[in-house]
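What's in data_33.txt: compact mmCIF, C-alpha atoms
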# COMPACT_ATOMS: atom_id res chain seq x y z
CA MET A 1 80.28 85.93 124.91
CA SER A 2 82.37 88.98 124.18
CA ARG A 3 80.64 92.35 124.07
CA ILE A 4 82.94 93.18 121.16
CA GLU A 5 81.78 92.83 117.59
CA ILE A 6 84.72 91.84 115.35
CA VAL A 7 84.70 92.92 111.70
CA ASP A 8 87.32 91.28 109.46
CA LEU A 9 88.53 93.60 106.69
CA LYS A 10 90.40 92.67 103.51
CA GLN A 11 93.51 90.43 103.41
CA ASN A 12 96.93 91.51 102.28
CA VAL A 13 98.61 89.50 99.50
CA LEU A 14 102.38 89.19 99.08
CA ASP A 15 104.38 88.75 95.90
CA ASP A 16 107.50 86.65 95.15
CA ASN A 17 109.88 88.70 97.25
CA ASP A 18 111.11 85.50 98.91
CA GLU A 19 113.14 84.31 95.91
CA MET A 20 115.13 87.54 95.82
CA ALA A 21 115.64 87.36 99.60
CA ASN A 22 117.00 83.82 99.38
CA LYS A 23 119.48 84.89 96.68
CA THR A 24 120.69 87.73 98.90
CA ARG A 25 121.09 85.34 101.84
CA GLU A 26 123.15 82.91 99.72
CA LYS A 27 125.38 85.73 98.44
CA LEU A 28 125.97 87.02 101.96
CA LYS A 29 126.83 83.52 103.20
CA ALA A 30 129.32 83.02 100.35
CA LYS A 31 130.99 86.32 101.25
CA GLY A 32 130.99 85.58 104.99
CA VAL A 33 128.82 88.60 105.78
CA PHE A 34 126.16 88.43 108.51
CA LEU A 35 123.14 90.69 107.86
CA LEU A 36 121.03 91.62 110.89
CA ASN A 37 117.61 93.16 110.20
CA LEU A 38 116.75 95.36 113.18
CA MET A 39 113.07 96.23 113.56
CA SER A 40 110.96 98.10 116.12
CA SER A 41 108.32 100.78 116.66
CA PRO A 42 109.40 104.39 116.18
CA GLY A 43 111.43 105.51 119.17
CA ALA A 44 112.04 102.07 120.73
CA GLY A 45 115.78 102.69 120.69
CA LYS A 46 117.14 100.94 117.57
CA THR A 47 119.82 103.54 116.94
CA THR A 48 120.97 103.85 120.55
CA THR A 49 121.14 100.06 120.86
CA LEU A 50 123.06 99.91 117.62
CA VAL A 51 125.57 102.56 118.70
CA LYS A 52 126.29 100.58 121.89
CA THR A 53 126.46 97.30 119.95
CA ILE A 54 129.00 98.76 117.53
CA GLU A 55 131.13 100.11 120.40
CA LEU A 56 131.23 96.65 121.99
CA LEU A 57 131.90 94.70 118.78
CA LYS A 58 134.05 96.97 116.63
CA ASP A 59 137.37 95.63 117.90
CA LYS A 60 136.31 92.08 117.01
CA MET A 61 134.80 92.64 113.56
CA SER A 62 134.24 95.06 110.70
CA ILE A 63 130.74 96.58 110.80
CA GLY A 64 128.56 98.43 108.29
CA VAL A 65 125.13 99.99 108.84
CA MET A 66 122.24 100.83 106.52
CA GLU A 67 119.86 103.33 108.13
CA ALA A 68 116.43 103.22 106.51
CA ASP A 69 113.99 106.07 107.07
CA ILE A 70 111.19 107.84 105.27
CA ASP A 71 113.15 111.08 105.62
CA SER A 72 116.03 112.73 107.54
CA ASP A 73 119.55 111.44 108.20
CA VAL A 74 119.76 112.03 111.95
CA ASP A 75 120.34 108.33 112.72
CA ALA A 76 123.01 107.75 110.07
CA ILE A 77 124.96 110.70 111.45
CA LYS A 78 124.89 109.16 114.95
CA ILE A 79 126.08 105.83 113.53
CA ALA A 80 128.87 107.44 111.50
CA GLU A 81 130.21 108.97 114.72
CA THR A 82 131.00 105.44 115.96
CA GLY A 83 133.39 104.97 113.05
CA ALA A 84 131.25 102.26 111.43
CA LYS A 85 130.69 102.43 107.68
CA SER A 86 127.22 103.95 107.35
CA ILE A 87 124.69 104.92 104.69
CA GLN A 88 121.19 106.34 104.83
CA LEU A 89 118.43 104.75 102.78
CA HIS A 90 115.31 106.80 102.01
CA THR A 91 112.33 104.67 101.22
CA GLY A 92 110.38 107.28 99.26
CA GLY A 93 107.50 107.06 101.72
CA MET A 94 107.49 103.25 101.89
CA CYS A 95 106.86 101.73 105.32
CA HIS A 96 109.39 98.89 105.00
CA LEU A 97 112.28 97.49 102.97
CA ASP A 98 111.85 94.51 100.68
CA ALA A 99 114.62 92.29 99.31
CA THR A 100 115.21 94.43 96.21
CA MET A 101 115.54 97.60 98.24
CA THR A 102 117.93 95.82 100.63
CA GLU A 103 120.05 94.72 97.66
CA GLN A 104 120.27 98.34 96.49
CA GLY A 105 121.45 99.28 99.98
CA LEU A 106 124.06 96.50 100.15
CA ASP A 107 125.42 97.52 96.73
CA ALA A 108 125.62 101.16 97.79
CA LEU A 109 127.26 100.30 101.14
CA GLY A 110 129.84 97.90 99.69
CA ILE A 111 130.12 94.81 101.86
CA ASP A 112 133.26 92.94 100.70
CA ASP A 113 135.33 94.11 103.67
CA LEU A 114 132.58 93.67 106.28
CA ASP A 115 131.75 90.90 108.78
CA LEU A 116 128.48 92.34 110.08
CA VAL A 117 125.96 94.54 108.30
CA VAL A 118 123.00 95.92 110.24
CA LEU A 119 119.88 97.09 108.43
CA GLU A 120 118.01 99.47 110.70
CA ASN A 121 114.55 99.10 109.18
CA VAL A 122 111.81 101.77 109.15
CA GLY A 123 110.29 102.25 112.62
CA ASN A 124 107.13 100.17 112.27
CA LEU A 125 105.85 96.93 113.85
CA VAL A 126 103.69 95.96 110.87
CA CYS A 127 105.11 96.30 107.35
CA PRO A 128 108.79 95.37 107.88
CA ALA A 129 107.63 91.97 109.20
CA GLU A 130 105.84 91.23 105.93
CA PHE A 131 108.92 91.35 103.72
CA ASP A 132 111.92 89.02 103.93
CA THR A 133 114.89 91.35 103.33
CA GLY A 134 117.37 88.51 102.85
CA ALA A 135 118.80 89.08 106.32
CA THR A 136 120.66 86.28 108.08
CA LYS A 137 118.63 86.96 111.25
CA ASN A 138 115.80 89.27 112.35
CA ALA A 139 115.87 91.11 115.67
CA CYS A 140 112.95 93.03 117.12
CA ILE A 141 113.22 95.66 119.86
CA VAL A 142 110.25 96.48 122.07
CA SER A 143 110.68 99.20 124.68
CA VAL A 144 109.15 99.16 128.16
CA PRO A 145 106.96 102.27 127.61
CA GLU A 146 105.18 100.55 124.69
CA GLY A 147 103.61 97.94 126.98
CA ASP A 148 103.72 94.17 127.40
CA ASP A 149 100.81 93.50 125.02
CA LYS A 150 102.62 94.22 121.75
CA PRO A 151 102.99 90.54 120.70
CA LEU A 152 99.18 90.23 120.90
CA LYS A 153 98.60 93.17 118.56
CA TYR A 154 101.47 92.70 116.09
CA PRO A 155 101.74 88.90 115.77
CA LEU A 156 103.71 88.65 112.53
CA MET A 157 106.59 90.77 113.85
CA PHE A 158 107.15 88.27 116.65
CA GLN A 159 106.70 85.28 114.35
CA VAL A 160 109.51 86.46 112.06
CA ALA A 161 111.82 87.64 114.86
CA ASP A 162 114.70 85.34 115.83
CA VAL A 163 115.38 87.33 119.00
CA VAL A 164 113.51 90.02 120.94
CA LEU A 165 115.24 92.78 122.91
CA VAL A 166 113.29 94.63 125.61
CA ASN A 167 114.85 98.08 125.78
CA LYS A 168 114.57 100.90 128.35
CA ILE A 169 114.44 98.59 131.38
CA ASP A 170 115.94 101.50 133.37
CA VAL A 171 112.43 103.02 133.40
CA LEU A 172 110.59 99.84 134.45
CA PRO A 173 109.58 101.41 137.82
CA TYR A 174 107.58 104.12 136.01
CA PHE A 175 105.52 101.92 133.69
CA ASP A 176 103.01 99.08 134.02
CA PHE A 177 105.16 96.59 132.10
CA ASP A 178 105.11 92.97 133.32
CA MET A 179 108.24 91.24 131.98
CA GLU A 180 106.94 87.73 132.66
CA LYS A 181 103.65 88.54 130.92
CA PHE A 182 105.60 89.95 127.97
CA LYS A 183 107.70 86.78 127.72
CA GLU A 184 104.49 84.70 127.78
CA ASN A 185 103.02 86.87 125.01
CA VAL A 186 106.17 86.45 122.89
CA ALA A 187 106.06 82.68 123.46
CA LEU A 188 102.44 82.60 122.21
CA ARG A 189 103.67 83.95 118.87
CA HIS A 190 107.09 82.30 118.62
CA PRO A 191 107.88 79.65 121.24
CA GLY A 192 111.51 79.32 122.25
CA ILE A 193 113.02 82.55 120.93
CA PRO A 194 115.23 84.45 123.35
CA VAL A 195 113.94 87.62 125.04
CA ILE A 196 116.81 89.78 126.28
CA PRO A 197 116.06 92.74 128.61
CA ILE A 198 118.45 95.67 128.10
CA SER A 199 118.92 99.36 128.67
CA ALA A 200 120.87 100.86 125.80
CA LYS A 201 121.07 104.03 127.90
CA THR A 202 122.69 102.48 131.02
CA SER A 203 124.22 99.43 129.21
CA GLN A 204 122.42 97.02 131.54
CA GLY A 205 121.94 93.62 129.87
CA LEU A 206 124.09 94.46 126.87
CA SER A 207 126.70 91.77 127.62
CA GLU A 208 124.06 89.05 127.18
CA TRP A 209 123.00 90.60 123.85
CA ILE A 210 126.59 90.95 122.64
CA ASP A 211 127.40 87.34 123.60
CA TYR A 212 124.28 86.13 121.80
CA LEU A 213 125.02 88.14 118.65
CA SER A 214 128.75 87.29 118.60
CA ASN A 215 127.95 83.60 118.83
CA LEU A 216 125.55 83.84 115.91
CA ILE A 217 128.01 85.72 113.72
CA LEU A 218 131.03 83.56 114.54
CA SER A 219 129.20 80.21 114.35
CA MET B 1 129.48 118.05 103.00
CA SER B 2 127.71 115.27 104.86
CA ARG B 3 129.62 112.05 105.50
CA ILE B 4 126.37 110.21 104.82
CA GLU B 5 125.60 108.71 101.45
CA ILE B 6 121.87 108.93 100.72
CA VAL B 7 120.24 106.33 98.50
CA ASP B 8 116.69 107.10 97.31
CA LEU B 9 114.57 103.94 96.91
CA LYS B 10 111.28 103.59 95.03
CA GLN B 11 108.27 105.90 95.40
CA ASN B 12 104.88 104.90 96.69
CA VAL B 13 101.83 105.64 94.49
CA LEU B 14 98.34 106.22 95.81
CA ASP B 15 95.01 105.38 94.19
CA ASP B 16 91.68 107.26 94.16
CA ASN B 17 90.94 106.74 97.84
CA ASP B 18 90.30 110.48 98.21
CA GLU B 19 86.96 110.43 96.39
CA MET B 20 85.58 107.78 98.74
CA ALA B 21 86.93 109.69 101.74
CA ASN B 22 85.20 112.90 100.63
CA LYS B 23 81.88 111.05 100.27
CA THR B 24 82.26 109.68 103.81
CA ARG B 25 83.02 113.18 105.13
CA GLU B 26 79.92 114.62 103.42
CA LYS B 27 77.72 111.83 104.79
CA LEU B 28 79.05 112.35 108.32
CA LYS B 29 78.46 116.11 108.08
CA ALA B 30 74.89 115.58 106.90
CA LYS B 31 74.25 113.26 109.86
CA GLY B 32 75.94 115.60 112.35
CA VAL B 33 78.57 113.01 113.27
CA PHE B 34 82.19 114.06 113.97
CA LEU B 35 84.77 111.40 113.06
CA LEU B 36 88.17 111.68 114.76
CA ASN B 37 90.99 109.58 113.28
CA LEU B 38 93.46 108.87 116.11
CA MET B 39 96.94 107.81 115.02
CA SER B 40 100.23 107.05 116.77
CA SER B 41 103.12 104.59 117.13
CA PRO B 42 102.40 101.32 118.90
CA GLY B 43 102.20 101.93 122.63
CA ALA B 44 102.01 105.73 122.55
CA GLY B 45 98.81 105.63 124.58
CA LYS B 46 95.93 105.94 122.10
CA THR B 47 93.59 103.70 124.08
CA THR B 48 94.38 105.19 127.50
CA THR B 49 93.91 108.71 126.11
CA LEU B 50 90.67 107.63 124.51
CA VAL B 51 89.33 106.07 127.73
CA LYS B 52 90.00 109.35 129.58
CA THR B 53 88.52 111.39 126.73
CA ILE B 54 85.31 109.33 126.79
CA GLU B 55 85.01 109.69 130.57
CA LEU B 56 85.27 113.49 130.27
CA LEU B 57 82.91 113.84 127.29
CA LYS B 58 80.28 111.14 127.71
CA ASP B 59 77.85 113.31 129.68
CA LYS B 60 77.90 115.91 126.89
CA MET B 61 77.61 113.69 123.82
CA SER B 62 77.03 110.19 122.50
CA ILE B 63 80.31 108.46 121.57
CA GLY B 64 81.22 105.42 119.48
CA VAL B 65 84.66 103.86 118.94
CA MET B 66 86.16 101.71 116.19
CA GLU B 67 89.31 99.94 117.39
CA ALA B 68 91.51 98.89 114.47
CA ASP B 69 94.23 96.31 115.00
CA ILE B 70 96.02 93.59 113.10
CA ASP B 71 94.90 91.13 115.76
CA SER B 72 93.53 90.90 119.34
CA ASP B 73 90.63 92.76 120.95
CA VAL B 74 92.33 93.97 124.14
CA ASP B 75 91.72 97.66 123.32
CA ALA B 76 88.06 97.30 122.34
CA ILE B 77 87.39 95.54 125.65
CA LYS B 78 88.95 98.48 127.54
CA ILE B 79 86.81 100.93 125.57
CA ALA B 80 83.61 98.94 126.09
CA GLU B 81 84.19 99.19 129.84
CA THR B 82 83.65 102.97 129.57
CA GLY B 83 80.12 102.37 128.31
CA ALA B 84 80.87 103.77 124.85
CA LYS B 85 79.58 101.87 121.83
CA SER B 86 82.61 99.95 120.61
CA ILE B 87 83.65 97.58 117.83
CA GLN B 88 86.96 95.95 116.91
CA LEU B 89 88.16 96.09 113.31
CA HIS B 90 90.76 93.57 112.17
CA THR B 91 92.70 94.71 109.17
CA GLY B 92 93.80 91.28 107.95
CA GLY B 93 97.45 92.23 108.32
CA MET B 94 97.05 95.67 106.72
CA CYS B 95 99.04 98.48 108.32
CA HIS B 96 96.35 101.15 108.00
CA LEU B 97 92.69 101.83 107.24
CA ASP B 98 91.61 103.39 103.97
CA ALA B 99 88.28 105.09 103.26
CA THR B 100 86.55 101.86 102.18
CA MET B 101 87.62 100.02 105.31
CA THR B 102 86.46 102.97 107.43
CA GLU B 103 83.05 102.86 105.70
CA GLN B 104 82.75 99.16 106.57
CA GLY B 105 83.53 100.04 110.17
CA LEU B 106 81.00 102.90 110.30
CA ASP B 107 78.29 100.63 108.84
CA ALA B 108 79.08 97.92 111.39
CA LEU B 109 79.16 100.39 114.31
CA GLY B 110 75.93 102.17 113.36
CA ILE B 111 76.33 105.92 113.74
CA ASP B 112 72.83 107.43 113.53
CA ASP B 113 72.60 107.99 117.29
CA LEU B 114 76.19 109.22 117.73
CA ASP B 115 77.77 112.69 117.97
CA LEU B 116 81.41 111.61 118.03
CA VAL B 117 83.01 108.54 116.48
CA VAL B 118 86.69 107.83 117.15
CA LEU B 119 88.67 105.60 114.81
CA GLU B 120 91.69 104.27 116.70
CA ASN B 121 93.90 103.50 113.74
CA VAL B 122 96.60 100.78 113.59
CA GLY B 123 99.66 101.72 115.68
CA ASN B 124 101.97 103.02 112.97
CA LEU B 125 103.42 106.44 112.07
CA VAL B 126 103.76 105.69 108.36
CA CYS B 127 100.87 103.98 106.56
CA PRO B 128 97.83 105.50 108.30
CA ALA B 129 99.04 108.94 107.22
CA GLU B 130 98.93 107.92 103.56
CA PHE B 131 95.21 107.21 103.42
CA ASP B 132 92.42 109.71 103.96
CA THR B 133 89.85 107.77 105.99
CA GLY B 134 87.12 110.36 105.53
CA ALA B 135 87.61 111.59 109.09
CA THR B 136 86.50 115.09 110.05
CA LYS B 137 89.86 115.66 111.77
CA ASN B 138 93.12 113.77 112.28
CA ALA B 139 94.89 113.64 115.64
CA CYS B 140 98.37 112.22 116.20
CA ILE B 141 99.76 111.17 119.58
CA VAL B 142 103.51 111.07 120.18
CA SER B 143 104.71 109.88 123.58
CA VAL B 144 107.70 111.30 125.44
CA PRO B 145 109.74 108.03 125.38
CA GLU B 146 109.67 108.02 121.55
CA GLY B 147 111.81 111.15 121.34
CA ASP B 148 111.43 114.69 120.02
CA ASP B 149 112.76 113.87 116.53
CA LYS B 150 109.69 111.98 115.26
CA PRO B 151 108.42 114.81 112.99
CA LEU B 152 111.78 114.71 111.18
CA LYS B 153 111.52 110.98 110.46
CA TYR B 154 107.80 110.64 109.76
CA PRO B 155 106.96 113.88 107.95
CA LEU B 156 103.64 112.90 106.35
CA MET B 157 102.03 111.98 109.68
CA PHE B 158 102.59 115.52 110.93
CA GLN B 159 101.50 117.07 107.63
CA VAL B 160 98.11 115.34 107.79
CA ALA B 161 97.59 115.85 111.54
CA ASP B 162 95.28 118.66 112.61
CA VAL B 163 96.44 118.42 116.22
CA VAL B 164 99.34 116.67 117.99
CA LEU B 165 99.10 115.32 121.55
CA VAL B 166 102.34 114.67 123.47
CA ASN B 167 101.47 111.89 125.91
CA LYS B 168 103.31 110.52 128.98
CA ILE B 169 104.58 113.91 130.18
CA ASP B 170 104.61 112.39 133.68
CA VAL B 171 107.87 110.62 132.71
CA LEU B 172 109.57 113.70 131.19
CA PRO B 173 112.26 113.69 133.94
CA TYR B 174 113.47 110.23 132.84
CA PHE B 175 113.86 110.89 129.10
CA ASP B 176 115.84 113.25 126.89
CA PHE B 177 112.75 114.86 125.36
CA ASP B 178 112.93 118.59 124.61
CA MET B 179 109.35 119.90 124.33
CA GLU B 180 110.38 123.17 122.65
CA LYS B 181 112.49 121.26 120.13
CA PHE B 182 109.56 118.92 119.47
CA LYS B 183 107.23 121.88 118.85
CA GLU B 184 109.79 123.34 116.44
CA ASN B 185 110.01 120.00 114.62
CA VAL B 186 106.20 119.81 114.34
CA ALA B 187 106.12 123.39 113.01
CA LEU B 188 108.65 122.45 110.31
CA ARG B 189 106.13 119.90 109.00
CA HIS B 190 102.86 121.68 109.70
CA PRO B 191 103.11 125.29 110.87
CA GLY B 192 100.39 126.49 113.22
CA ILE B 193 98.84 123.23 114.40
CA PRO B 194 98.31 122.90 118.14
CA VAL B 195 100.63 120.70 120.20
CA ILE B 196 99.00 119.70 123.50
CA PRO B 197 101.14 118.02 126.21
CA ILE B 198 99.17 115.51 128.30
CA SER B 199 99.51 112.55 130.61
CA ALA B 200 96.61 110.17 130.06
CA LYS B 201 97.82 108.34 133.18
CA THR B 202 97.74 111.31 135.58
CA SER B 203 95.15 113.38 133.60
CA GLN B 204 97.55 116.35 133.41
CA GLY B 205 96.76 118.55 130.40
CA LEU B 206 93.54 116.72 129.55
CA SER B 207 91.32 119.74 130.15
CA GLU B 208 93.06 121.64 127.32
CA TRP B 209 92.58 118.66 125.01
CA ILE B 210 88.91 118.24 125.97
CA ASP B 211 88.22 121.97 125.46
CA TYR B 212 89.92 121.83 122.06
CA LEU B 213 88.00 118.73 120.93
CA SER B 214 84.64 119.93 122.30
CA ASN B 215 84.99 123.21 120.45
CA LEU B 216 85.72 121.36 117.20
CA ILE B 217 82.75 119.04 117.59
CA LEU B 218 80.24 121.68 118.66
CA SER B 219 81.35 124.31 116.12

Here is the file; what I need is its structure written in the form of structure tokens.
Amino acid sequence: MSRIEIVDLKQNVLDDNDEMANKTREKLKAKGVFLLNLMSSPGAGKTTTLVKTIELLKDKMSIGVMEADIDSDVDAIKIAETGAKSIQLHTGGMCHLDATMTEQGLDALGIDDLDLVVLENVGNLVCPAEFDTGATKNACIVSVPEGDDKPLKYPLMFQVADVVLVNKIDVLPYFDFDMEKFKENVALRHPGIPVIPISAKTSQGLSEWIDYLSNLILS
Amino acid sequence: MSRIEIVDLKQNVLDDNDEMANKTREKLKAKGVFLLNLMSSPGAGKTTTLVKTIELLKDKMSIGVMEADIDSDVDAIKIAETGAKSIQLHTGGMCHLDATMTEQGLDALGIDDLDLVVLENVGNLVCPAEFDTGATKNACIVSVPEGDDKPLKYPLMFQVADVVLVNKIDVLPYFDFDMEKFKENVALRHPGIPVIPISAKTSQGLSEWIDYLSNLILS
């Protein structure tokens, strides 16, 4: 018997966000635009990964980025420096984007000339997973310093993710992160999804990620 | 002029959680119990810091811990190993604890024989900051790998924090984290609050943190 007493607090209830998300997905498909919803904890390296991804894909396709944050525009400035079309979304304190907010972003960005749009969601492993944004695919980044137990604590994020990137593998020697254990923990939540180790800083592993993403977009 | 278009999405609205939180705070004061609300991103080191804090304080005072998570009980098991009274709270998918949920936790823990209760909030820099739990003080941990720009992106967390710990300073050489810049960014959000650099892994800086916390509790 566990020494730990477990107290279950109140349940969260969702609304009919899904209908709006499905409409967005259909519209994007009709226009030939792939929307990637990029989610992670604060500081896991979404923006750095995105900058590298843009550099490696921009000769093959036209890319736009929606940077969502509570405040500041530091990330959108970094993205704009890559030459990609970029806007900043402020969520007014909200911890996530829902389908309606994503639609506002897509309208503001203008997507008719784009092949790939990336939504960099608010840095948060909880709320963004609860709302279908209408994205074609969901990617989640976990960084080595966060630890290999994240799929145990934030199950929904890994259930909704189509692919998981493990960033900052250049610092693996300095942290107690067991990659095989992490892959097992991901598989507990979402069997079969790919887990791709990368370092956005050193570019290690990025070719596998770029091949994976290119295949999705062009298929 | 900025190249970045900024789109403001909808505002969040809070309810009357504050009244409940104030009642909790009064009750705790009357009982002589200090409640510390510990907040951070996922993987910033809340549990490791807490384990070390308990080890350094347990001979001076009686300590209880409420571990809040979406799922799992891995952290509460680690805390129980220190000998501290410990319970796991599951939030049913919720991204934070409000004052009512905290009350449920305090009732389940039983606080009459305790001097210090620590609420380890859900790993999240957004939602926990929006709800007064009734805690005596709020502490926020940011870890070096997350970057020095976090106060710019998550302003409310730093506005409600009474103290900020910078954890994982043992890996400072491997990351682009500017401590002075971070302190400036904290001061933009909340001038005058202490910023204490620590490594929960190597124990560096912990004596300053323990002195600070002891003084708060015993004053």

Worksheet item: So which residues touch Ser207 of chain A within 10 Å, counting all atoms listed in the file, skipping near sequence neighbours fewer than 5 positions away, as a PyMOL selection string?
Response: chain A and resi 53+56+198+212-213

Worksheet item: Of the candidates B:Lys153, B:Val166, B:Gln104, B:Asn215, which one gets nearest to Ala76 of chain A if we count only C-alpha atoms?
Response: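 Of the candidates, the smallest distance to Ala76 of chain A is held by B:Lys153.
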
Worksheet entry | Distance of atom CA of Ser40 of chain A from atom CA of Ser86 of chain A, expressed in Å to one decimal place |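 That distance, rounded to one decimal, is 19.4 Å.
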
Item to complete: Could you give me, as an MDAnalysis selection string, the residues within 10 Å of segment 28-30 of chain B, counting all atoms listed in the file and dropping anything in the same chain fewer than 2 positions from it?
Response: chainID B and resid 22:26 32:35 106 111:112 115 117 134:136

Item to complete: Considering all atoms listed in the file, return as a list in words whatever protein or nucleic-acid residues lie within 8 Å of Pro42 of chain A, sequence-local ones (same chain, fewer than 5 positions apart) excluded.
Response: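 Within the cut-off, the hits are Val122, Gly123 and Asn124 of chain A; Ser41, Leu125, Glu146 and Lys150 of chain B.
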
Produce a file of the selected residues containing C-alpha atoms, as a compact mmCIF listing (two decimals), in the frame of the given file.
# COMPACT_ATOMS: atom_id res chain seq x y z
CA VAL A 122 111.81 101.77 109.15
CA GLY A 123 110.29 102.25 112.62
CA ASN A 124 107.13 100.17 112.27
CA SER B 41 103.12 104.59 117.13
CA LEU B 125 103.42 106.44 112.07
CA GLU B 146 109.67 108.02 121.55
CA LYS B 150 109.69 111.98 115.26

Item to complete: Could you tell me how far atom CA of Met66 of chain A lies from atom CA of Gly83 of chain A, in Å and to one decimal?
Response: 13.6 Å

Discussion item. What does the structure give for the distance between atom CA of Glu67 of chain B and atom CA of Gly147 of chain A, in Å to one decimal?
Written reply: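 Result for atom CA of Glu67 of chain B versus atom CA of Gly147 of chain A: 17.3 Å, one decimal.
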
Discussion item. Within 6 Å of (118.2, 91.7, 119.3) in the file's own coordinates, which protein, DNA or RNA residues have an atom, counting all atoms listed in the file? List them as a PyMOL selection string.
Written reply: chain A and resi 139-140+163-165

Worksheet item: Using only C-alpha atoms, which of the listed residues (A:Phe177, A:Asn138, A:Ser203, A:Arg189) sits closest to Glu120 of chain A?
Response: A:Asn138

Worksheet item: Which residue out of B:Lys183, B:Lys52, B:Lys27, B:Lys201 has the minimum interatomic distance to chain A when all atoms listed in the file are used?
Response: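 The answer is B:Lys201, which sits nearest to chain A.
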
Worksheet item: Which one of A:Leu156, A:Ala84, A:Ile141, A:Leu119 sits closest to chain B if you count only C-alpha atoms?
Response: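 Selected residue with least distance to chain B: A:Leu156.
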
Worksheet item: What residues have an atom no more than 7 Å from (106.4, 94.2, 128.1) in the file's own frame, counting all atoms listed in the file, and can you write them as a PyMOL selection string?
Response: chain A and resi 144+147-149+177-179+181-182

Item to complete: Write out as a PyMOL selection string the residues lying within 8 Å of Asn167 of chain A, counting all atoms listed in the file and excluding same-chain residues fewer than 5 positions away.
Response: chain A and resi 44-45+141-144+197-200

Around all listed atoms of segment 43-48 of chain B, padded 5 Å per side, what centre and edge lengths does the axis-aligned box have in Å to one decimal, as JSON?
{"center_x": 97.9, "center_y": 103.9, "center_z": 124.8, "size_x": 18.6, "size_y": 14.0, "size_z": 15.4}

Discussion item. Using only C-alpha atoms for the distances, tell me which of B:Val118, B:Val171, B:Leu218, B:Ile196 is nearest to Leu38 of chain B.
Written reply: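 Using only C-alpha atoms, Leu38 of chain B sits closest to B:Val118.
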
Discussion item. Could you check the closest approach to chain A for each of B:Ile169, B:Leu114, B:Ile87, B:Ala187 and tell me which residue wins, using only C-alpha atoms?
Written reply: B:Ile87

Practice prompt. Excluding Ala99 of chain A and residues on its chain fewer than 3 positions from it, collect all residues at most 8 Å away from it, counting all atoms listed in the file, and give them as a ChimeraX atom specification.
Written response: /A:17-18,20-21,24,102-103,131-134
